[in-house]
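Working notes for the structure below.
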Amino acid sequence: MGVTSDPVSRYLSQRGAKFDRRNRLRIMNSSEVLDTALRIYQRLGLTFLRLTVAPALLCLASAGFIQNFVLPGLFTTKSGGGAGQLIADVAGALATGVFVGGPLFLLGLSYSSSMVVSLVSDHMIGRIPDTEAAAEKARSVLPRLFLVNLKELCLSISGIVLSTAFMAFGGYLASVTEQTDAIAGVVSVIGLVGLLAGGIVFLYIIARDALAAPVAVLEAASPGLASKRSRELLKKHGYHPSGTGTIWSLYGLLLFIAAVLSSGIYVFAGIFNLEERLGGLLSFVPAEQLFLKAFGLLPSFIVIWTLIPIWATVITIVYYERKIRLEGFDIDILATEIQRSNREIGG
């Protein structure tokens, strides 16, 4: 059942949410966290998708920009250019990706994440999700959450950027040295190994700081404090295991969903020959190729639009699970309810 504006339905929903709260506010393992997230997504998914269309389009614009303008610049250079030209081309492509494509994606990610975190938080603690309050909160925390995500992006991709530069330099050496010279190959191999290692480091840093977004939204923490708080909540404490294992499980779930969605869309489009049919319908339209390119980006949009709310839902549940496991948050909620009941009885 989604968000409702009817007073009676809201009252009944809130009573049901409070009774079911103990099933959510408890210590959970990774599979239970993911199962809870999928059930919440099933309940509130339409609300999530309705509220995150525009931010998902920003993320799609970033992905399309990087695919069409940044990646080609990493592997091509002006003919006749020397080492300086190659370095300038690669540096320019990387800078364009980081400073143009990156902020576009982070703006969409930050707004979508904030919306979903607020709504899932309401659901977790037994309140009826308030879309208007979530939208207002998203607008107010957008600058702070953008800085949180920008900090994480710069930190996590540093190894990938350095490795890409190594590979580009290896390509240049191959063009100016003799074929028997192994230096170019060694540099390229180092760059390739570094790229693989950089990808693992990227996932590790994102997992370690995964709770920075919920902390920034729900605790109004600064970027530096949000990352520090995330690491503190997720690290191992005594007999309590680390919480990053759940984030790695989430990576697998997101990869599986992305593969299913993408393959399903491409198979469906291929069976019904949608691209050719669309090209025939638009043959008299001046901007036919533009529409066809936009259609080609549809699978990417659906994947981004679907996965960001799932990511935000899971990290919000993990945030509460770690607070319950390490800080007794469920006891605090119960004590607050008892105090409120006592005041109502006394009043």
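Identifiers in this document derive from the order of the structure tokens: chains are assigned A, B, ..., residues are numbered from 1 separately in each chain, and ligands are numbered from 1 in order of occurrence.
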Neighbours of Pro241 in chain A within 12 Å (only C-alpha atoms; same-chain residues fewer than 3 positions away dropped), as a VMD selection string? chain A and resid 27 to 30 233 to 238 244 to 246 322 325 to 326
Print the selection's residues with all heavy atoms to a file, as a short mmCIF file (atom, residue, chain, number, x, y, z; two decimals), in the first residue's frame.
```
data_model
loop_
_atom_site.label_atom_id
_atom_site.label_comp_id
_atom_site.auth_asym_id
_atom_site.auth_seq_id
_atom_site.Cartn_x
_atom_site.Cartn_y
_atom_site.Cartn_z
N ILE A 27 17.78 -6.53 14.81
CA ILE A 27 19.05 -6.96 14.23
C ILE A 27 18.78 -7.93 13.09
O ILE A 27 18.00 -8.88 13.23
CB ILE A 27 19.94 -7.62 15.31
CG1 ILE A 27 20.36 -6.58 16.35
CG2 ILE A 27 21.16 -8.27 14.68
CD1 ILE A 27 21.17 -7.15 17.49
N MET A 28 19.41 -7.67 11.95
CA MET A 28 19.18 -8.50 10.75
C MET A 28 20.52 -8.86 10.11
O MET A 28 21.48 -8.11 10.21
CB MET A 28 18.33 -7.74 9.73
CG MET A 28 16.90 -7.48 10.16
SD MET A 28 15.91 -6.64 8.87
CE MET A 28 16.40 -4.93 9.17
N ASN A 29 20.52 -10.00 9.42
CA ASN A 29 21.68 -10.35 8.60
C ASN A 29 21.49 -9.79 7.20
O ASN A 29 20.47 -9.16 6.90
CB ASN A 29 21.92 -11.86 8.59
CG ASN A 29 20.70 -12.62 8.08
OD1 ASN A 29 19.97 -12.14 7.21
ND2 ASN A 29 20.49 -13.83 8.61
N SER A 30 22.45 -10.04 6.32
CA SER A 30 22.42 -9.43 4.98
C SER A 30 21.18 -9.83 4.19
O SER A 30 20.52 -8.99 3.57
CB SER A 30 23.68 -9.82 4.20
OG SER A 30 24.84 -9.32 4.82
N LEU A 233 29.84 3.22 12.10
CA LEU A 233 28.68 2.34 12.19
C LEU A 233 28.93 1.00 11.51
O LEU A 233 28.43 -0.04 11.97
CB LEU A 233 27.46 3.02 11.56
CG LEU A 233 26.78 4.13 12.35
CD1 LEU A 233 25.72 4.82 11.51
CD2 LEU A 233 26.17 3.60 13.64
N LEU A 234 29.68 1.01 10.43
CA LEU A 234 29.84 -0.22 9.64
C LEU A 234 31.00 -1.10 10.08
O LEU A 234 31.03 -2.28 9.72
CB LEU A 234 30.03 0.15 8.16
CG LEU A 234 28.78 0.64 7.42
CD1 LEU A 234 29.13 1.12 6.01
CD2 LEU A 234 27.72 -0.43 7.36
N LYS A 235 31.94 -0.57 10.84
CA LYS A 235 33.09 -1.40 11.20
C LYS A 235 32.72 -2.42 12.28
O LYS A 235 31.69 -2.31 12.96
CB LYS A 235 34.25 -0.51 11.68
CG LYS A 235 34.07 0.07 13.07
CD LYS A 235 35.30 0.89 13.46
CE LYS A 235 35.22 1.41 14.89
NZ LYS A 235 36.40 2.20 15.25
N LYS A 236 33.55 -3.42 12.42
CA LYS A 236 33.32 -4.48 13.40
C LYS A 236 33.46 -3.94 14.82
O LYS A 236 34.41 -3.21 15.13
CB LYS A 236 34.31 -5.61 13.16
CG LYS A 236 34.14 -6.79 14.12
CD LYS A 236 35.14 -7.89 13.81
CE LYS A 236 34.98 -9.04 14.78
NZ LYS A 236 35.95 -10.13 14.52
N HIS A 237 32.52 -4.30 15.69
CA HIS A 237 32.57 -3.91 17.10
C HIS A 237 32.42 -5.16 17.96
O HIS A 237 31.33 -5.74 18.04
CB HIS A 237 31.44 -2.94 17.44
CG HIS A 237 31.62 -1.57 16.87
ND1 HIS A 237 32.17 -0.52 17.57
CD2 HIS A 237 31.31 -1.08 15.65
CE1 HIS A 237 32.19 0.56 16.81
NE2 HIS A 237 31.68 0.25 15.64
N GLY A 238 33.51 -5.61 18.57
CA GLY A 238 33.44 -6.78 19.43
C GLY A 238 32.93 -7.99 18.69
O GLY A 238 33.48 -8.39 17.65
N THR A 244 29.75 -3.98 6.24
CA THR A 244 30.03 -3.79 4.81
C THR A 244 29.69 -5.02 3.98
O THR A 244 29.50 -4.90 2.77
CB THR A 244 31.52 -3.45 4.60
OG1 THR A 244 32.33 -4.45 5.22
CG2 THR A 244 31.86 -2.08 5.21
N GLY A 245 29.59 -6.19 4.62
CA GLY A 245 29.21 -7.38 3.87
C GLY A 245 27.84 -7.23 3.22
O GLY A 245 27.60 -7.74 2.11
N THR A 246 26.93 -6.54 3.90
CA THR A 246 25.60 -6.30 3.33
C THR A 246 25.70 -5.44 2.08
O THR A 246 24.96 -5.65 1.11
CB THR A 246 24.69 -5.63 4.37
OG1 THR A 246 24.61 -6.45 5.53
CG2 THR A 246 23.29 -5.42 3.81
N ARG A 322 22.28 -0.98 12.01
CA ARG A 322 23.53 -0.78 12.74
C ARG A 322 23.30 0.06 14.00
O ARG A 322 23.93 -0.17 15.04
CB ARG A 322 24.57 -0.11 11.84
CG ARG A 322 24.96 -0.90 10.62
CD ARG A 322 25.52 -2.26 10.95
NE ARG A 322 26.82 -2.20 11.62
CZ ARG A 322 27.54 -3.26 11.96
NH1 ARG A 322 27.06 -4.48 11.72
NH2 ARG A 322 28.71 -3.12 12.54
N ARG A 325 21.84 -2.39 16.43
CA ARG A 325 22.84 -3.37 16.85
C ARG A 325 23.87 -2.77 17.80
O ARG A 325 24.28 -3.40 18.78
CB ARG A 325 23.54 -3.93 15.61
CG ARG A 325 24.57 -5.00 15.89
CD ARG A 325 25.29 -5.38 14.61
NE ARG A 325 24.44 -6.05 13.66
CZ ARG A 325 24.28 -7.37 13.60
NH1 ARG A 325 24.94 -8.15 14.45
NH2 ARG A 325 23.49 -7.91 12.70
N LEU A 326 24.30 -1.54 17.50
CA LEU A 326 25.41 -0.95 18.24
C LEU A 326 24.98 0.08 19.29
O LEU A 326 25.70 0.31 20.26
CB LEU A 326 26.39 -0.28 17.27
CG LEU A 326 26.98 -1.18 16.18
CD1 LEU A 326 27.85 -0.36 15.23
CD2 LEU A 326 27.78 -2.33 16.80
#
```
Which residues come within 7 Å of Val187 in chain A, counting only C-alpha atoms, excluding same-chain residues fewer than 5 positions away, as a PyMOL selection string? chain A and resi 166-167+170
So that I have them on file, write out the residues from the current selection with N, CA and C atoms, as a CSV table (one decimal), in the first residue's frame.
```
chain,number,residue,atom,x,y,z
A,166,PHE,N,48.1,5.9,-16.8
A,166,PHE,CA,49.2,4.9,-17.1
A,166,PHE,C,49.0,4.2,-18.4
A,167,MET,N,47.8,3.8,-18.6
A,167,MET,CA,47.5,3.0,-19.9
A,167,MET,C,47.7,3.9,-21.1
A,170,GLY,N,51.3,4.3,-21.7
A,170,GLY,CA,51.8,3.1,-22.3
A,170,GLY,C,51.5,3.0,-23.8
```
Please identify which residues in range 78-251 of chain A DSSP calls helix (DSSP H, G or I) from the backbone, and express them as a VMD selection string. chain A and resid 83 to 124 131 to 156 158 to 176 183 to 208 212 to 218 223 to 234 244 to 251
Store the residues picked out above, limited to C-alpha atoms, as a compact mmCIF listing (two decimals), in the first residue's frame.
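Once everything was written out, this is part-v6.txt:
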```
# COMPACT_ATOMS: atom_id res chain seq x y z
CA ALA A 83 53.49 13.18 -25.90
CA GLY A 84 52.23 16.59 -24.87
CA GLN A 85 49.22 16.30 -27.14
CA LEU A 86 48.39 12.82 -25.84
CA ILE A 87 48.66 13.88 -22.21
CA ALA A 88 46.55 16.97 -22.89
CA ASP A 89 43.83 14.92 -24.63
CA VAL A 90 43.63 12.32 -21.86
CA ALA A 91 43.74 14.96 -19.11
CA GLY A 92 41.07 16.98 -20.90
CA ALA A 93 38.79 13.96 -21.26
CA LEU A 94 39.22 12.98 -17.62
CA ALA A 95 38.65 16.53 -16.41
CA THR A 96 35.54 16.85 -18.56
CA GLY A 97 34.16 13.61 -17.17
CA VAL A 98 34.89 14.50 -13.55
CA PHE A 99 33.87 18.16 -13.59
CA VAL A 100 30.92 18.03 -16.04
CA GLY A 101 29.54 14.50 -16.14
CA GLY A 102 30.26 13.83 -12.47
CA PRO A 103 28.30 16.76 -10.99
CA LEU A 104 25.29 16.03 -13.25
CA PHE A 105 25.14 12.47 -11.98
CA LEU A 106 25.72 13.50 -8.36
CA LEU A 107 22.91 16.07 -8.47
CA GLY A 108 20.44 13.44 -9.61
CA LEU A 109 21.80 10.82 -7.22
CA SER A 110 21.78 13.20 -4.25
CA TYR A 111 18.20 14.37 -4.74
CA SER A 112 16.85 10.87 -5.41
CA SER A 113 18.74 9.40 -2.45
CA SER A 114 17.52 12.09 -0.08
CA MET A 115 13.88 11.57 -1.13
CA VAL A 116 14.05 7.80 -0.72
CA VAL A 117 16.03 7.93 2.55
CA SER A 118 13.40 10.22 4.13
CA LEU A 119 10.47 8.07 2.96
CA VAL A 120 12.08 4.79 4.00
CA SER A 121 13.04 6.32 7.37
CA ASP A 122 9.40 7.26 7.97
CA HIS A 123 8.34 3.71 7.13
CA MET A 124 11.03 2.13 9.31
CA THR A 131 6.18 12.94 0.25
CA GLU A 132 5.87 16.70 0.74
CA ALA A 133 8.14 16.68 3.79
CA ALA A 134 10.58 14.39 1.96
CA ALA A 135 10.70 16.77 -1.02
CA GLU A 136 11.28 19.77 1.24
CA LYS A 137 14.01 17.87 3.11
CA ALA A 138 15.63 16.86 -0.19
CA ARG A 139 15.81 20.48 -1.33
CA SER A 140 17.27 21.64 1.97
CA VAL A 141 19.97 18.95 2.24
CA LEU A 142 20.83 18.82 -1.49
CA PRO A 143 23.96 21.05 -1.21
CA ARG A 144 25.28 19.10 1.77
CA LEU A 145 24.52 15.69 0.27
CA PHE A 146 26.03 16.77 -3.05
CA LEU A 147 29.28 17.60 -1.24
CA VAL A 148 29.17 14.24 0.56
CA ASN A 149 28.81 12.37 -2.74
CA LEU A 150 31.39 14.58 -4.47
CA LYS A 151 33.91 13.81 -1.75
CA GLU A 152 33.25 10.08 -2.09
CA LEU A 153 33.48 10.25 -5.89
CA CYS A 154 36.83 12.05 -5.91
CA LEU A 155 38.27 9.67 -3.33
CA SER A 156 36.97 6.47 -4.92
CA SER A 158 41.45 8.41 -7.87
CA GLY A 159 42.97 4.98 -8.54
CA ILE A 160 40.95 4.55 -11.75
CA VAL A 161 42.04 7.95 -13.04
CA LEU A 162 45.70 7.26 -12.30
CA SER A 163 45.54 3.83 -13.93
CA THR A 164 43.87 5.24 -17.05
CA ALA A 165 46.67 7.79 -17.33
CA PHE A 166 49.22 4.94 -17.08
CA MET A 167 47.49 3.03 -19.88
CA ALA A 168 47.39 6.13 -22.09
CA PHE A 169 51.10 6.71 -21.46
CA GLY A 170 51.79 3.08 -22.33
CA GLY A 171 49.93 3.58 -25.61
CA TYR A 172 52.07 6.61 -26.37
CA LEU A 173 55.29 4.74 -25.61
CA ALA A 174 54.18 1.95 -27.96
CA SER A 175 53.84 4.51 -30.77
CA VAL A 176 57.29 6.10 -30.28
CA ILE A 183 58.81 -0.74 -21.65
CA ALA A 184 55.54 0.26 -23.31
CA GLY A 185 54.02 -3.16 -22.65
CA VAL A 186 55.11 -3.11 -19.01
CA VAL A 187 53.61 0.34 -18.47
CA SER A 188 50.35 -0.71 -20.14
CA VAL A 189 50.14 -3.88 -18.03
CA ILE A 190 50.75 -1.85 -14.87
CA GLY A 191 47.97 0.49 -15.95
CA LEU A 192 45.59 -2.42 -16.66
CA VAL A 193 46.32 -4.10 -13.30
CA GLY A 194 45.94 -0.74 -11.61
CA LEU A 195 42.61 -0.23 -13.37
CA LEU A 196 41.30 -3.54 -12.04
CA ALA A 197 42.63 -2.75 -8.57
CA GLY A 198 41.15 0.75 -8.83
CA GLY A 199 37.74 -0.75 -9.55
CA ILE A 200 37.95 -2.89 -6.42
CA VAL A 201 39.12 0.09 -4.36
CA PHE A 202 36.23 2.12 -5.79
CA LEU A 203 33.71 -0.48 -4.58
CA TYR A 204 35.47 -0.77 -1.22
CA ILE A 205 35.37 2.97 -0.54
CA ILE A 206 31.72 3.23 -1.59
CA ALA A 207 30.87 0.30 0.71
CA ARG A 208 32.83 1.75 3.63
CA ALA A 212 27.15 8.77 4.64
CA ALA A 213 23.97 9.69 2.76
CA PRO A 214 21.51 8.55 5.48
CA VAL A 215 23.70 10.18 8.13
CA ALA A 216 23.80 13.46 6.20
CA VAL A 217 20.02 13.43 5.65
CA LEU A 218 18.79 12.11 9.01
CA PRO A 223 30.40 15.78 4.64
CA GLY A 224 33.47 14.89 6.71
CA LEU A 225 31.44 13.87 9.77
CA ALA A 226 28.99 11.86 7.64
CA SER A 227 31.80 9.73 6.19
CA LYS A 228 33.40 9.24 9.60
CA ARG A 229 30.08 8.28 11.15
CA SER A 230 29.43 5.78 8.34
CA ARG A 231 32.75 4.05 8.92
CA GLU A 232 32.10 3.93 12.65
CA LEU A 233 28.68 2.34 12.19
CA LEU A 234 29.84 -0.22 9.64
CA THR A 244 30.03 -3.79 4.81
CA GLY A 245 29.21 -7.38 3.87
CA THR A 246 25.60 -6.30 3.33
CA ILE A 247 26.77 -3.58 0.93
CA TRP A 248 28.77 -6.12 -1.07
CA SER A 249 25.67 -8.32 -1.20
CA LEU A 250 23.78 -5.27 -2.43
CA TYR A 251 26.31 -4.89 -5.27
```
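The gap separating CA of Ile302 in chain A from CA of Leu57 in chain A is 9.8 Å, in Å to one decimal.
What separates CA of Val260 in chain A from CA of Leu34 in chain A is a distance of 17.4 Å.
Pairwise distance (CA of Ala210 in chain A, CA of Ile317 in chain A) equals 11.6 Å.
Restricting the calculation to only C-alpha atoms, the smallest distance between Leu46 in chain A and any of A:Thr313, A:Asn68, A:Thr306, A:Ser263 is found for A:Thr306.
Considering the residues A:Ile157, A:Asp35, A:Val303, A:Ile308 and counting only C-alpha atoms, Ser262 in chain A has its shortest atom-to-atom contact with A:Val303.
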